[in-house]
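Data block for my_file_22.txt (compact mmCIF, C-alpha atoms (C1' of nucleotides)):
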# COMPACT_ATOMS: atom_id res chain seq x y z
CA MET Q 164 -27.36 48.42 12.84
CA PHE Q 165 -30.24 47.51 15.11
CA LEU Q 166 -30.81 49.82 18.06
CA GLY Q 167 -33.53 50.55 20.55
CA SER Q 168 -36.29 48.57 22.15
CA HIS Q 169 -39.97 48.07 21.37
CA THR Q 170 -42.86 46.50 23.19
CA ILE Q 171 -44.91 44.28 20.90
CA ASN Q 172 -48.14 42.37 21.40
CA MET Q 173 -48.26 38.78 20.22
CA ASP Q 174 -51.72 37.57 19.23
CA ALA Q 175 -53.35 34.30 20.18
CA LYS Q 176 -51.88 32.54 17.16
CA GLY Q 177 -48.31 33.48 18.04
CA ARG Q 178 -47.99 36.22 15.45
CA MET Q 179 -46.13 39.45 16.18
CA ALA Q 180 -45.98 42.57 14.05
CA ILE Q 181 -42.43 43.81 13.42
CA PRO Q 182 -42.32 47.61 13.93
CA THR Q 183 -42.29 49.35 10.56
CA LYS Q 184 -38.87 50.92 10.82
CA ILE Q 185 -37.26 47.62 11.68
CA ARG Q 186 -39.26 45.99 8.92
CA GLU Q 187 -37.64 48.37 6.45
CA SER Q 188 -34.09 47.72 7.68
CA LEU Q 189 -34.74 44.00 7.50
CA ALA Q 190 -36.08 44.32 3.98
CA SER Q 191 -32.89 46.04 2.79
CA PHE Q 192 -30.51 43.88 4.86
CA CYS Q 193 -31.75 40.45 4.02
CA ASP Q 194 -34.93 40.69 1.97
CA GLY Q 195 -36.86 40.15 5.17
CA ARG Q 196 -35.31 36.73 5.70
CA ILE Q 197 -34.43 36.14 9.29
CA VAL Q 198 -33.42 33.25 11.53
CA ILE Q 199 -34.74 33.03 15.04
CA THR Q 200 -33.24 30.79 17.72
CA ALA Q 201 -32.74 30.31 21.44
CA HIS Q 202 -30.34 32.34 23.57
CA THR Q 203 -28.19 29.90 25.53
CA GLU Q 204 -27.61 32.03 28.62
CA GLU Q 205 -31.02 33.54 29.22
CA ARG Q 206 -34.47 32.33 28.38
CA CYS Q 207 -34.97 34.71 25.49
CA LEU Q 208 -34.69 34.45 21.72
CA LEU Q 209 -32.15 35.69 19.20
CA VAL Q 210 -33.28 37.17 15.91
CA TYR Q 211 -30.64 37.27 13.16
CA PRO Q 212 -30.77 38.58 9.61
CA GLU Q 213 -30.02 35.57 7.40
CA GLU Q 214 -26.57 36.97 6.50
CA GLN Q 215 -25.49 37.24 10.12
CA TRP Q 216 -26.70 33.76 10.89
CA LYS Q 217 -24.67 32.33 8.03
CA GLU Q 218 -21.58 33.88 9.57
CA ILE Q 219 -21.96 32.40 13.01
CA LEU Q 220 -23.34 28.98 12.06
CA PRO Q 221 -19.96 27.51 11.04
CA LYS Q 222 -18.45 28.70 14.31
CA ILE Q 223 -21.13 26.85 16.25
CA GLU Q 224 -20.84 23.71 14.14
CA SER Q 225 -17.11 23.46 14.65
CA LEU Q 226 -17.31 23.31 18.44
CA PRO Q 227 -16.11 20.01 20.00
CA SER Q 228 -19.01 17.52 20.34
CA PHE Q 229 -17.69 15.67 23.37
CA ASN Q 230 -17.50 18.72 25.61
CA LYS Q 231 -20.63 19.20 27.63
CA VAL Q 232 -20.79 22.98 27.51
CA ALA Q 233 -20.14 23.09 23.79
CA ARG Q 234 -22.75 20.42 23.16
CA ARG Q 235 -25.32 22.40 25.06
CA THR Q 236 -24.55 25.51 23.00
CA GLN Q 237 -24.83 23.60 19.74
CA ARG Q 238 -27.98 21.84 20.70
CA LEU Q 239 -29.78 25.02 21.63
CA LEU Q 240 -28.56 27.33 18.89
CA ILE Q 241 -28.90 24.86 16.03
CA GLY Q 242 -31.77 22.91 17.52
CA TYR Q 243 -34.00 25.91 17.89
CA ALA Q 244 -32.89 27.78 14.77
CA THR Q 245 -35.81 28.45 12.44
CA PRO Q 246 -35.81 30.52 9.24
CA LEU Q 247 -38.80 32.84 9.09
CA GLU Q 248 -40.32 35.32 6.70
CA MET Q 249 -42.83 38.04 7.31
CA ASP Q 250 -46.41 37.64 6.12
CA GLY Q 251 -48.27 40.19 4.01
CA ASN Q 252 -48.81 42.34 7.08
CA GLY Q 253 -45.20 42.40 8.22
CA ARG Q 254 -45.75 39.85 10.96
CA ILE Q 255 -43.76 36.76 11.86
CA LEU Q 256 -45.18 33.59 13.34
CA VAL Q 257 -43.03 32.46 16.27
CA PRO Q 258 -42.91 28.63 16.36
CA PRO Q 259 -44.50 27.06 19.47
CA THR Q 260 -41.29 25.46 20.74
CA LEU Q 261 -39.52 28.82 20.75
CA ARG Q 262 -42.48 30.50 22.42
CA GLU Q 263 -42.30 27.93 25.14
CA TYR Q 264 -38.53 28.21 25.55
CA ALA Q 265 -38.67 31.96 26.13
CA ASN Q 266 -42.03 31.97 27.96
CA LEU Q 267 -43.56 34.26 25.37
CA GLU Q 268 -47.23 34.95 25.96
CA LYS Q 269 -48.66 38.32 25.03
CA LYS Q 270 -46.39 41.15 26.02
CA LEU Q 271 -43.01 40.97 24.29
CA MET Q 272 -39.92 43.12 24.27
CA LEU Q 273 -37.79 43.38 21.13
CA VAL Q 274 -34.34 44.74 21.88
CA GLY Q 275 -31.84 45.83 19.25
CA GLN Q 276 -28.31 44.45 19.75
CA GLY Q 277 -26.35 45.77 16.81
CA LYS Q 278 -26.22 42.90 14.34
CA LYS Q 279 -29.14 41.05 15.86
CA PHE Q 280 -32.18 41.44 18.09
CA GLU Q 281 -33.14 39.85 21.34
CA LEU Q 282 -36.78 38.94 21.91
CA TRP Q 283 -37.96 38.70 25.51
CA SER Q 284 -41.21 38.21 27.28
CA GLU Q 285 -41.79 41.53 28.98
CA ASP Q 286 -41.96 39.83 32.38
CA SER Q 287 -38.65 38.04 31.90
CA TRP Q 288 -37.04 41.26 30.74
CA PHE Q 289 -38.01 43.17 33.84
CA ASN Q 290 -37.06 40.28 36.09
CA TRP Q 291 -33.66 40.23 34.47
CA LEU Q 292 -33.33 43.99 34.91
CA ASP Q 293 -33.96 43.64 38.62
CA GLU Q 294 -31.47 40.82 39.08
CA ALA Q 295 -28.44 42.03 40.94
CA ASP Q 296 -25.09 41.11 39.44
CA GLN Q 297 -23.83 39.22 42.42
CA GLY Q 298 -20.10 39.04 42.36
CA ASP Q 299 -19.57 37.94 38.78
CA ASP Q 300 -16.11 38.82 37.52
CA ILE Q 301 -15.52 41.53 35.00
CA PRO Q 302 -13.66 40.21 31.94
CA ASP Q 303 -10.26 41.67 31.08
CA GLU Q 304 -11.69 43.27 27.95
CA MET Q 305 -13.91 45.48 30.10
CA LEU Q 306 -11.40 46.55 32.72
CA SER Q 307 -10.02 49.31 30.54
CA LEU Q 308 -13.29 50.17 28.84
CA SER Q 309 -14.35 53.77 29.11
CA LEU Q 310 -17.89 54.74 28.03
CA MET U 57 -29.25 21.09 6.84
CA PHE U 58 -31.68 20.15 9.57
CA LEU U 59 -32.70 22.98 11.86
CA GLY U 60 -35.40 23.75 14.36
CA SER U 61 -37.46 21.80 16.80
CA HIS U 62 -40.91 20.26 16.71
CA THR U 63 -43.18 18.66 19.26
CA ILE U 64 -44.71 15.44 17.97
CA ASN U 65 -47.31 13.09 19.38
CA MET U 66 -46.55 9.40 19.23
CA ASP U 67 -49.66 7.22 18.96
CA ALA U 68 -50.41 4.08 20.93
CA LYS U 69 -48.69 1.92 18.31
CA GLY U 70 -45.42 3.84 18.56
CA ARG U 71 -45.87 5.69 15.30
CA MET U 72 -44.86 9.32 14.92
CA ALA U 73 -45.64 11.65 12.03
CA ILE U 74 -42.57 13.41 10.63
CA PRO U 75 -43.37 17.11 10.10
CA THR U 76 -43.98 17.76 6.42
CA LYS U 77 -41.07 20.09 5.80
CA ILE U 78 -38.63 17.61 7.26
CA ARG U 79 -40.31 14.84 5.33
CA GLU U 80 -39.50 16.70 2.14
CA SER U 81 -35.84 17.25 3.02
CA LEU U 82 -35.53 13.59 3.93
CA ALA U 83 -37.15 12.55 0.67
CA SER U 84 -34.58 14.50 -1.35
CA PHE U 85 -31.61 13.63 0.86
CA CYS U 86 -31.99 9.92 1.15
CA ASP U 87 -35.27 8.83 -0.44
CA GLY U 88 -36.80 8.81 3.01
CA ARG U 89 -34.40 6.11 4.23
CA ILE U 90 -33.15 6.83 7.70
CA VAL U 91 -31.29 5.06 10.48
CA ILE U 92 -32.28 5.59 14.06
CA THR U 93 -30.09 4.70 17.03
CA ALA U 94 -29.22 5.56 20.62
CA HIS U 95 -27.33 8.67 21.69
CA THR U 96 -24.43 7.65 23.92
CA GLU U 97 -24.28 10.73 26.13
CA GLU U 98 -27.93 11.44 26.79
CA ARG U 99 -30.98 9.25 26.87
CA CYS U 100 -32.30 10.36 23.52
CA LEU U 101 -32.20 8.98 20.00
CA LEU U 102 -30.24 9.93 16.90
CA VAL U 103 -31.92 10.03 13.52
CA TYR U 104 -29.58 9.90 10.52
CA PRO U 105 -30.25 10.03 6.80
CA GLU U 106 -28.90 6.76 5.41
CA GLU U 107 -26.01 8.58 3.69
CA GLN U 108 -24.80 10.16 6.90
CA TRP U 109 -25.00 6.90 8.77
CA LYS U 110 -22.89 5.16 6.15
CA GLU U 111 -20.21 7.77 6.72
CA ILE U 112 -19.98 7.42 10.46
CA LEU U 113 -20.48 3.66 10.77
CA PRO U 114 -16.91 2.72 9.69
CA LYS U 115 -15.54 5.24 12.15
CA ILE U 116 -17.47 3.64 14.98
CA GLU U 117 -16.46 0.13 13.91
CA SER U 118 -12.78 0.98 13.88
CA LEU U 119 -12.71 2.21 17.46
CA PRO U 120 -10.33 0.22 19.73
CA SER U 121 -12.17 -2.74 21.25
CA PHE U 122 -10.11 -2.85 24.43
CA ASN U 123 -11.04 0.62 25.61
CA LYS U 124 -14.08 0.73 27.85
CA VAL U 125 -15.45 4.07 26.62
CA ALA U 126 -15.00 3.06 22.99
CA ARG U 127 -16.68 -0.27 23.61
CA ARG U 128 -19.65 1.42 25.20
CA THR U 129 -19.97 3.78 22.23
CA GLN U 130 -19.84 0.90 19.77
CA ARG U 131 -22.29 -1.20 21.66
CA LEU U 132 -24.89 1.53 21.88
CA LEU U 133 -24.56 3.11 18.46
CA ILE U 134 -24.35 -0.11 16.50
CA GLY U 135 -26.47 -2.18 18.83
CA TYR U 136 -29.47 0.09 18.67
CA ALA U 137 -29.15 1.12 15.02
CA THR U 138 -32.30 0.39 13.03
CA PRO U 139 -33.06 1.31 9.42
CA LEU U 140 -36.55 2.75 9.02
CA GLU U 141 -38.76 4.02 6.25
CA MET U 142 -41.81 6.21 6.39
CA ASP U 143 -45.23 4.72 5.75
CA GLY U 144 -47.77 6.13 3.32
CA ASN U 145 -48.65 8.86 5.78
CA GLY U 146 -45.09 10.01 6.40
CA ARG U 147 -44.83 8.28 9.75
CA ILE U 148 -42.12 6.10 11.21
CA LEU U 149 -42.61 3.28 13.68
CA VAL U 150 -40.09 3.58 16.50
CA PRO U 151 -38.96 0.11 17.67
CA PRO U 152 -39.87 -0.77 21.29
CA THR U 153 -36.27 -1.11 22.51
CA LEU U 154 -35.44 2.38 21.32
CA ARG U 155 -38.62 3.75 22.82
CA GLU U 156 -37.58 2.29 26.10
CA TYR U 157 -34.00 3.54 25.88
CA ALA U 158 -35.11 7.13 25.43
CA ASN U 159 -38.22 6.93 27.62
CA LEU U 160 -40.48 7.87 24.76
CA GLU U 161 -44.15 7.81 25.62
CA LYS U 162 -46.50 10.28 24.00
CA LYS U 163 -45.00 13.75 23.85
CA LEU U 164 -41.80 13.84 21.80
CA MET U 165 -39.39 16.55 20.76
CA LEU U 166 -37.60 16.30 17.41
CA VAL U 167 -34.57 18.58 17.29
CA GLY U 168 -32.57 19.40 14.16
CA GLN U 169 -28.79 19.12 14.59
CA GLY U 170 -27.37 19.93 11.19
CA LYS U 171 -26.66 16.57 9.58
CA LYS U 172 -28.92 14.61 11.89
CA PHE U 173 -31.83 14.89 14.29
CA GLU U 174 -32.16 14.16 17.93
CA LEU U 175 -35.38 12.65 19.24
CA TRP U 176 -36.25 13.27 22.88
CA SER U 177 -39.15 12.62 25.16
CA GLU U 178 -40.47 16.08 25.93
CA ASP U 179 -39.98 15.55 29.64
CA SER U 180 -36.36 14.54 29.23
CA TRP U 181 -35.74 17.51 26.99
CA PHE U 182 -37.01 20.01 29.52
CA ASN U 183 -35.20 18.30 32.34
CA TRP U 184 -32.01 18.56 30.36
CA LEU U 185 -32.69 22.24 29.64
CA ASP U 186 -33.09 22.99 33.32
CA GLU U 187 -29.94 21.15 34.31
CA ALA U 188 -27.47 23.65 35.58
CA ASP U 189 -24.03 23.57 34.01
CA GLN U 190 -22.28 22.71 37.20
CA GLY U 191 -18.73 23.77 36.89
CA ASP U 192 -17.99 22.19 33.55
CA ASP U 193 -15.17 24.01 31.85
CA ILE U 194 -15.78 26.19 28.88
CA PRO U 195 -13.68 24.90 25.98
CA ASP U 196 -11.00 27.20 24.58
CA GLU U 197 -12.89 27.48 21.31
CA MET U 198 -15.72 29.22 23.14
CA LEU U 199 -13.78 31.64 25.31
CA SER U 200 -13.53 34.27 22.60
CA LEU U 201 -16.72 33.35 20.76
CA SER U 202 -19.00 36.26 20.06
CA LEU U 203 -22.46 35.48 18.70
C1' DT D 109 -58.06 72.78 17.08
C1' DT D 110 -60.63 69.68 14.56
C1' DC D 111 -61.36 66.76 10.86
C1' DC D 112 -59.76 63.88 7.33
C1' DT D 113 -56.58 60.71 5.38
C1' DA D 114 -53.15 57.38 5.36
C1' DT D 115 -50.84 53.74 7.50
C1' DA D 116 -49.73 50.62 11.09
C1' DG D 117 -51.57 47.13 13.83
C1' DT D 118 -55.21 43.64 15.01
C1' DG D 119 -58.49 40.15 14.43
C1' DG D 120 -61.21 36.89 11.84
C1' DT D 121 -62.45 33.69 8.06
C1' DT D 122 -61.71 30.20 4.74
C1' DA D 123 -59.48 26.77 2.05
C1' DA D 124 -55.88 23.57 1.86
C1' DA D 125 -52.90 20.55 4.04
C1' DA D 126 -51.23 17.99 7.86
C1' DG D 127 -51.99 14.88 11.56
C1' DT D 128 -54.85 11.18 13.78
C1' DA D 129 -57.54 7.19 14.20
C1' DG D 130 -59.51 3.13 12.62
C1' DT D 131 -60.03 -0.97 9.80
C1' DA D 132 -58.79 -4.69 6.99
C1' DA D 133 -55.52 -7.76 5.23
C1' DA D 134 -51.28 -10.16 5.64
C1' DA D 135 -47.66 -12.30 8.07
C1' DA D 136 -45.59 -14.47 11.79
C1' DG D 137 -45.56 -17.24 15.65
C1' DT D 138 -47.68 -20.67 18.67
C1' DA N 195 -54.57 -24.29 11.65
C1' DC N 196 -55.69 -20.69 14.46
C1' DT N 197 -54.62 -16.62 17.00
C1' DT N 198 -52.21 -12.49 17.62
C1' DT N 199 -49.47 -8.85 16.11
C1' DT N 200 -48.10 -5.90 12.55
C1' DT N 201 -48.39 -3.13 8.44
C1' DA N 202 -50.62 -0.63 4.96
C1' DC N 203 -54.38 1.90 3.32
C1' DT N 204 -58.40 4.87 3.78
C1' DA N 205 -61.21 8.22 5.79
C1' DC N 206 -61.92 11.90 8.92
C1' DT N 207 -60.81 15.73 11.95
C1' DT N 208 -57.95 19.35 13.32
C1' DT N 209 -54.66 22.74 12.51
C1' DT N 210 -52.22 25.93 9.78
C1' DA N 211 -51.35 29.62 6.76
C1' DA N 212 -52.79 33.03 3.56
C1' DC N 213 -55.91 36.46 2.66
C1' DC N 214 -59.14 40.07 3.71
C1' DA N 215 -61.36 43.50 6.40
C1' DC N 216 -61.69 46.55 10.14
C1' DT N 217 -60.02 49.60 13.88
C1' DA N 218 -57.14 52.75 15.97
C1' DT N 219 -53.63 56.05 15.85
C1' DA N 220 -50.78 59.55 14.11
C1' DG N 221 -49.87 63.22 11.14
C1' DG N 222 -51.08 66.86 8.16
C1' DA N 223 -53.93 70.38 6.44
C1' DA N 224 -57.61 73.53 6.66

Translate the structure described by the file into structure tokens.
Amino acid sequence: MFLGSHTINMDAKGRMAIPTKIRESLASFCDGRIVITAHTEERCLLVYPEEQWKEILPKIESLPSFNKVARRTQRLLIGYATPLEMDGNGRILVPPTLREYANLEKKLMLVGQGKKFELWSEDSWFNWLDEADQGDDIPDEMLSLSL
Amino acid sequence: MFLGSHTINMDAKGRMAIPTKIRESLASFCDGRIVITAHTEERCLLVYPEEQWKEILPKIESLPSFNKVARRTQRLLIGYATPLEMDGNGRILVPPTLREYANLEKKLMLVGQGKKFELWSEDSWFNWLDEADQGDDIPDEMLSLSL
DNA sequence: TTCCTATAGTGGTTAAAAGTAGTAAAAAGT
DNA sequence: ACTTTTTACTACTTTTAACCACTATAGGAA
């Protein structure tokens, strides 16, 4: 279970050090093998342990190819998906195309989301925080949710 | 399984170097023999391993000839299809008509899509990314999809 | 509280490999 | 037969990735 958020510095070569505690969970979960891809709804990245990715991939593949929304989802999730491993120092190298997609420069934000992580540029994260939810509808599943 | 995206420079002669990792998968899949053709829905190209192409070709051929949409699909997919092999340096030469169809100039984007690749001009790719989904319906398969 | 040690995080260097350009030879078309 | 375009091969330059070393920070012990 991935929880909590961390700020991380990416170096000039696009390498980012995974915080040690997360590194350890990843080592036990999936031998450090992760898949990183694009988030379809916001300009940030998704970081999956290999196992988790294997579960959702078939669901994405089976979406109908002649529906525009589904095609967009497939294209982004599969098209940006990249398997990565950590180097000897526990760092991952984020591929240039993904860096560009999520506007990653130096200051990053790694956010635990249960079975996966989200990786944001710090700027984008705070911009998103400040965005007001303007009249979007609350789904039925949330109407009876009590926290 | 083809995943991930790469930016590639096409030279003045219309040659593009296939990234080494992909080159290796293609070598094992289909001896480096690929078929490249037009995508019917967007102005980009489709790159199939020969095997995959052989599977879908009969399906395209058997579409009803008196339906306009089907005819368009046939005309584009079959009409632009070109078998290609890599040269000694792992490059392919993209035929001029296909370059024109997809507006390929210098900066290209090669995007893995499972059993095939898509090849975009970088400009077109980013334009497509920025396109807002304007009121297209979300297919039923996606309504309960949790990634 | 201060110093020492251990460990996480950062940056740089080097060797190998990948990408780019150019040239020469062959083929096709005029 | 000659010219022009194409293809294949070779050589060079740039980038990548792995490895190594250093710095800074945090924690523990004296």

Open item on the list: Can you measure atom CA of Q:Glu205 to atom CA of U:Lys163 for me? One decimal in Å is fine.
Closed with: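 Atom-to-atom, atom CA of Q:Glu205 to atom CA of U:Lys163, that is 24.8 Å.
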
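Between atom CA of U:Leu59 and atom CA of U:Leu119 the interatomic distance comes to 29.4 Å.
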
Chain U onto chain Q, all Cα, least squares, as an mmCIF file with C-alpha atoms, keeping the file's coordinate frame:
data_model
loop_
_atom_site.group_PDB
_atom_site.id
_atom_site.type_symbol
_atom_site.label_atom_id
_atom_site.label_comp_id
_atom_site.auth_asym_id
_atom_site.auth_seq_id
_atom_site.Cartn_x
_atom_site.Cartn_y
_atom_site.Cartn_z
ATOM 1 C CA MET U 57 -27.003 48.064 12.794
ATOM 2 C CA PHE U 58 -29.921 47.160 15.009
ATOM 3 C CA LEU U 59 -30.432 49.419 17.997
ATOM 4 C CA GLY U 60 -33.123 50.223 20.496
ATOM 5 C CA SER U 61 -35.920 48.366 22.147
ATOM 6 C CA HIS U 62 -39.616 47.987 21.452
ATOM 7 C CA THR U 63 -42.534 46.482 23.304
ATOM 8 C CA ILE U 64 -44.690 44.335 21.043
ATOM 9 C CA ASN U 65 -47.979 42.553 21.570
ATOM 10 C CA MET U 66 -48.217 38.992 20.351
ATOM 11 C CA ASP U 67 -51.735 37.978 19.307
ATOM 12 C CA ALA U 68 -53.538 34.778 20.209
ATOM 13 C CA LYS U 69 -52.137 33.020 17.137
ATOM 14 C CA GLY U 70 -48.533 33.755 18.092
ATOM 15 C CA ARG U 71 -48.057 36.479 15.522
ATOM 16 C CA MET U 72 -46.077 39.614 16.293
ATOM 17 C CA ALA U 73 -45.836 42.772 14.205
ATOM 18 C CA ILE U 74 -42.256 43.873 13.531
ATOM 19 C CA PRO U 75 -41.968 47.642 14.102
ATOM 20 C CA THR U 76 -41.911 49.429 10.765
ATOM 21 C CA LYS U 77 -38.431 50.885 10.998
ATOM 22 C CA ILE U 78 -36.945 47.499 11.749
ATOM 23 C CA ARG U 79 -39.044 45.984 9.006
ATOM 24 C CA GLU U 80 -37.370 48.330 6.559
ATOM 25 C CA SER U 81 -33.838 47.523 7.719
ATOM 26 C CA LEU U 82 -34.632 43.830 7.501
ATOM 27 C CA ALA U 83 -36.044 44.248 4.013
ATOM 28 C CA SER U 84 -32.813 45.841 2.783
ATOM 29 C CA PHE U 85 -30.487 43.568 4.754
ATOM 30 C CA CYS U 86 -31.875 40.201 3.901
ATOM 31 C CA ASP U 87 -35.098 40.598 1.918
ATOM 32 C CA GLY U 88 -37.002 40.076 5.134
ATOM 33 C CA ARG U 89 -35.583 36.566 5.589
ATOM 34 C CA ILE U 90 -34.636 35.905 9.165
ATOM 35 C CA VAL U 91 -33.683 32.975 11.362
ATOM 36 C CA ILE U 92 -34.941 32.763 14.890
ATOM 37 C CA THR U 93 -33.462 30.490 17.546
ATOM 38 C CA ALA U 94 -32.857 30.034 21.262
ATOM 39 C CA HIS U 95 -30.358 32.036 23.296
ATOM 40 C CA THR U 96 -28.141 29.641 25.239
ATOM 41 C CA GLU U 97 -27.458 31.809 28.276
ATOM 42 C CA GLU U 98 -30.840 33.343 28.962
ATOM 43 C CA ARG U 99 -34.348 32.205 28.251
ATOM 44 C CA CYS U 100 -34.889 34.530 25.336
ATOM 45 C CA LEU U 101 -34.715 34.207 21.571
ATOM 46 C CA LEU U 102 -32.196 35.360 18.986
ATOM 47 C CA VAL U 103 -33.346 36.873 15.724
ATOM 48 C CA TYR U 104 -30.765 36.897 12.926
ATOM 49 C CA PRO U 105 -30.899 38.237 9.392
ATOM 50 C CA GLU U 106 -30.304 35.231 7.143
ATOM 51 C CA GLU U 107 -26.840 36.529 6.174
ATOM 52 C CA GLN U 108 -25.670 36.738 9.759
ATOM 53 C CA TRP U 109 -26.966 33.295 10.553
ATOM 54 C CA LYS U 110 -25.081 31.808 7.624
ATOM 55 C CA GLU U 111 -21.898 33.259 9.065
ATOM 56 C CA ILE U 112 -22.245 31.841 12.534
ATOM 57 C CA LEU U 113 -23.764 28.457 11.679
ATOM 58 C CA PRO U 114 -20.466 26.852 10.520
ATOM 59 C CA LYS U 115 -18.797 28.082 13.679
ATOM 60 C CA ILE U 116 -21.426 26.400 15.813
ATOM 61 C CA GLU U 117 -21.261 23.186 13.782
ATOM 62 C CA SER U 118 -17.514 22.898 14.166
ATOM 63 C CA LEU U 119 -17.573 23.018 17.950
ATOM 64 C CA PRO U 120 -16.117 19.875 19.617
ATOM 65 C CA SER U 121 -18.856 17.282 20.098
ATOM 66 C CA PHE U 122 -17.320 15.704 23.183
ATOM 67 C CA ASN U 123 -17.434 18.828 25.310
ATOM 68 C CA LYS U 124 -20.593 19.199 27.347
ATOM 69 C CA VAL U 125 -20.857 22.997 27.120
ATOM 70 C CA ALA U 126 -20.236 22.941 23.377
ATOM 71 C CA ARG U 127 -22.807 20.211 22.896
ATOM 72 C CA ARG U 128 -25.396 22.187 24.792
ATOM 73 C CA THR U 129 -24.697 25.261 22.657
ATOM 74 C CA GLN U 130 -25.028 23.263 19.453
ATOM 75 C CA ARG U 131 -28.168 21.534 20.519
ATOM 76 C CA LEU U 132 -29.953 24.732 21.438
ATOM 77 C CA LEU U 133 -28.783 27.025 18.667
ATOM 78 C CA ILE U 134 -29.192 24.555 15.842
ATOM 79 C CA GLY U 135 -32.064 22.636 17.350
ATOM 80 C CA TYR U 136 -34.306 25.635 17.751
ATOM 81 C CA ALA U 137 -33.263 27.490 14.596
ATOM 82 C CA THR U 138 -36.215 28.289 12.346
ATOM 83 C CA PRO U 139 -36.239 30.349 9.150
ATOM 84 C CA LEU U 140 -39.139 32.796 9.052
ATOM 85 C CA GLU U 141 -40.562 35.368 6.700
ATOM 86 C CA MET U 142 -42.910 38.225 7.361
ATOM 87 C CA ASP U 143 -46.494 38.035 6.157
ATOM 88 C CA GLY U 144 -48.237 40.738 4.157
ATOM 89 C CA ASN U 145 -48.663 42.817 7.283
ATOM 90 C CA GLY U 146 -45.033 42.660 8.371
ATOM 91 C CA ARG U 147 -45.670 40.077 11.055
ATOM 92 C CA ILE U 148 -43.847 36.887 11.907
ATOM 93 C CA LEU U 149 -45.379 33.767 13.393
ATOM 94 C CA VAL U 150 -43.249 32.529 16.278
ATOM 95 C CA PRO U 151 -43.241 28.698 16.399
ATOM 96 C CA PRO U 152 -44.804 27.160 19.546
ATOM 97 C CA THR U 153 -41.609 25.462 20.760
ATOM 98 C CA LEU U 154 -39.736 28.744 20.709
ATOM 99 C CA ARG U 155 -42.600 30.514 22.414
ATOM 100 C CA GLU U 156 -42.410 27.969 25.146
ATOM 101 C CA TYR U 157 -38.629 28.130 25.464
ATOM 102 C CA ALA U 158 -38.676 31.866 26.066
ATOM 103 C CA ASN U 159 -41.979 31.987 27.960
ATOM 104 C CA LEU U 160 -43.525 34.296 25.421
ATOM 105 C CA GLU U 161 -47.157 35.075 26.065
ATOM 106 C CA LYS U 162 -48.539 38.469 25.163
ATOM 107 C CA LYS U 163 -46.163 41.251 26.126
ATOM 108 C CA LEU U 164 -42.821 40.965 24.336
ATOM 109 C CA MET U 165 -39.665 43.030 24.262
ATOM 110 C CA LEU U 166 -37.596 43.201 21.071
ATOM 111 C CA VAL U 167 -34.079 44.438 21.771
ATOM 112 C CA GLY U 168 -31.553 45.468 19.120
ATOM 113 C CA GLN U 169 -28.070 43.990 19.607
ATOM 114 C CA GLY U 170 -26.067 45.254 16.671
ATOM 115 C CA LYS U 171 -26.079 42.413 14.158
ATOM 116 C CA LYS U 172 -29.053 40.641 15.674
ATOM 117 C CA PHE U 173 -32.063 41.086 17.921
ATOM 118 C CA GLU U 174 -33.034 39.510 21.156
ATOM 119 C CA LEU U 175 -36.679 38.706 21.814
ATOM 120 C CA TRP U 176 -37.807 38.525 25.431
ATOM 121 C CA SER U 177 -41.040 38.148 27.285
ATOM 122 C CA GLU U 178 -41.477 41.490 29.001
ATOM 123 C CA ASP U 179 -41.620 39.839 32.398
ATOM 124 C CA SER U 180 -38.378 37.970 31.859
ATOM 125 C CA TRP U 181 -36.711 41.127 30.642
ATOM 126 C CA PHE U 182 -37.579 43.090 33.750
ATOM 127 C CA ASN U 183 -36.663 40.219 36.001
ATOM 128 C CA TRP U 184 -33.294 40.071 34.328
ATOM 129 C CA LEU U 185 -32.873 43.839 34.718
ATOM 130 C CA ASP U 186 -33.521 43.628 38.433
ATOM 131 C CA GLU U 187 -31.127 40.751 38.958
ATOM 132 C CA ALA U 188 -28.262 41.970 41.024
ATOM 133 C CA ASP U 189 -24.797 41.325 39.651
ATOM 134 C CA GLN U 190 -23.759 39.148 42.507
ATOM 135 C CA GLY U 191 -20.045 39.168 42.682
ATOM 136 C CA ASP U 192 -19.335 38.425 39.056
ATOM 137 C CA ASP U 193 -15.941 39.737 38.103
ATOM 138 C CA ILE U 194 -15.567 42.731 35.902
ATOM 139 C CA PRO U 195 -13.536 41.735 32.840
ATOM 140 C CA ASP U 196 -10.185 43.445 32.311
ATOM 141 C CA GLU U 197 -11.502 45.154 29.199
ATOM 142 C CA MET U 198 -13.975 47.070 31.344
ATOM 143 C CA LEU U 199 -11.751 48.122 34.222
ATOM 144 C CA SER U 200 -10.469 51.205 32.440
ATOM 145 C CA LEU U 201 -13.529 51.800 30.274
ATOM 146 C CA SER U 202 -14.843 55.324 30.383
ATOM 147 C CA LEU U 203 -18.185 55.994 28.706
#

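Applying a distance limit of 12 Å to all atoms listed in the file, the residues of chain D near chain U read DA125, DA126, DG127, DT128 and DA129 of chain D.
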
Could I get the residues of chain N with an atom no further than 12 Å from an atom of chain U, each paired with its nearest atom pair and that distance in Å to one decimal, using all atoms listed in the file, sorted by chain and residue number, as CSV?
residue,atom,partner,partner_atom,distance
N:DT199,C1',U:Lys69,CA,11.0
N:DT200,C1',U:Lys69,CA,9.7
N:DT201,C1',U:Asp143,CA,8.9
N:DA202,C1',U:Gly144,CA,7.5
N:DC203,C1',U:Gly144,CA,7.8
N:DT204,C1',U:Gly144,CA,10.7

Task: Point-to-point distance in Å for atom CA of U:Lys172 and atom CA of U:Arg155 - done: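 Going from atom CA of U:Arg155 over to atom CA of U:Lys172 covers 18.2 Å.
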
For D:DG119, work out the shell of residues within 12 Å, counting all atoms listed in the file and skipping chain neighbours fewer than 5 positions away, then give it as a tab-separated table (two decimals) with C-alpha atoms (C1' of nucleotides), keeping the file's coordinate frame.
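Writing done, so here's selection.tsv:
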chain	number	residue	atom	x	y	z
Q	173	MET	CA	-48.26	38.78	20.22
Q	174	ASP	CA	-51.72	37.57	19.23
Q	175	ALA	CA	-53.35	34.30	20.18
Q	176	LYS	CA	-51.88	32.54	17.16
Q	178	ARG	CA	-47.99	36.22	15.45
N	214	DC	C1'	-59.14	40.07	3.71
N	215	DA	C1'	-61.36	43.50	6.40
N	216	DC	C1'	-61.69	46.55	10.14
N	217	DT	C1'	-60.02	49.60	13.88
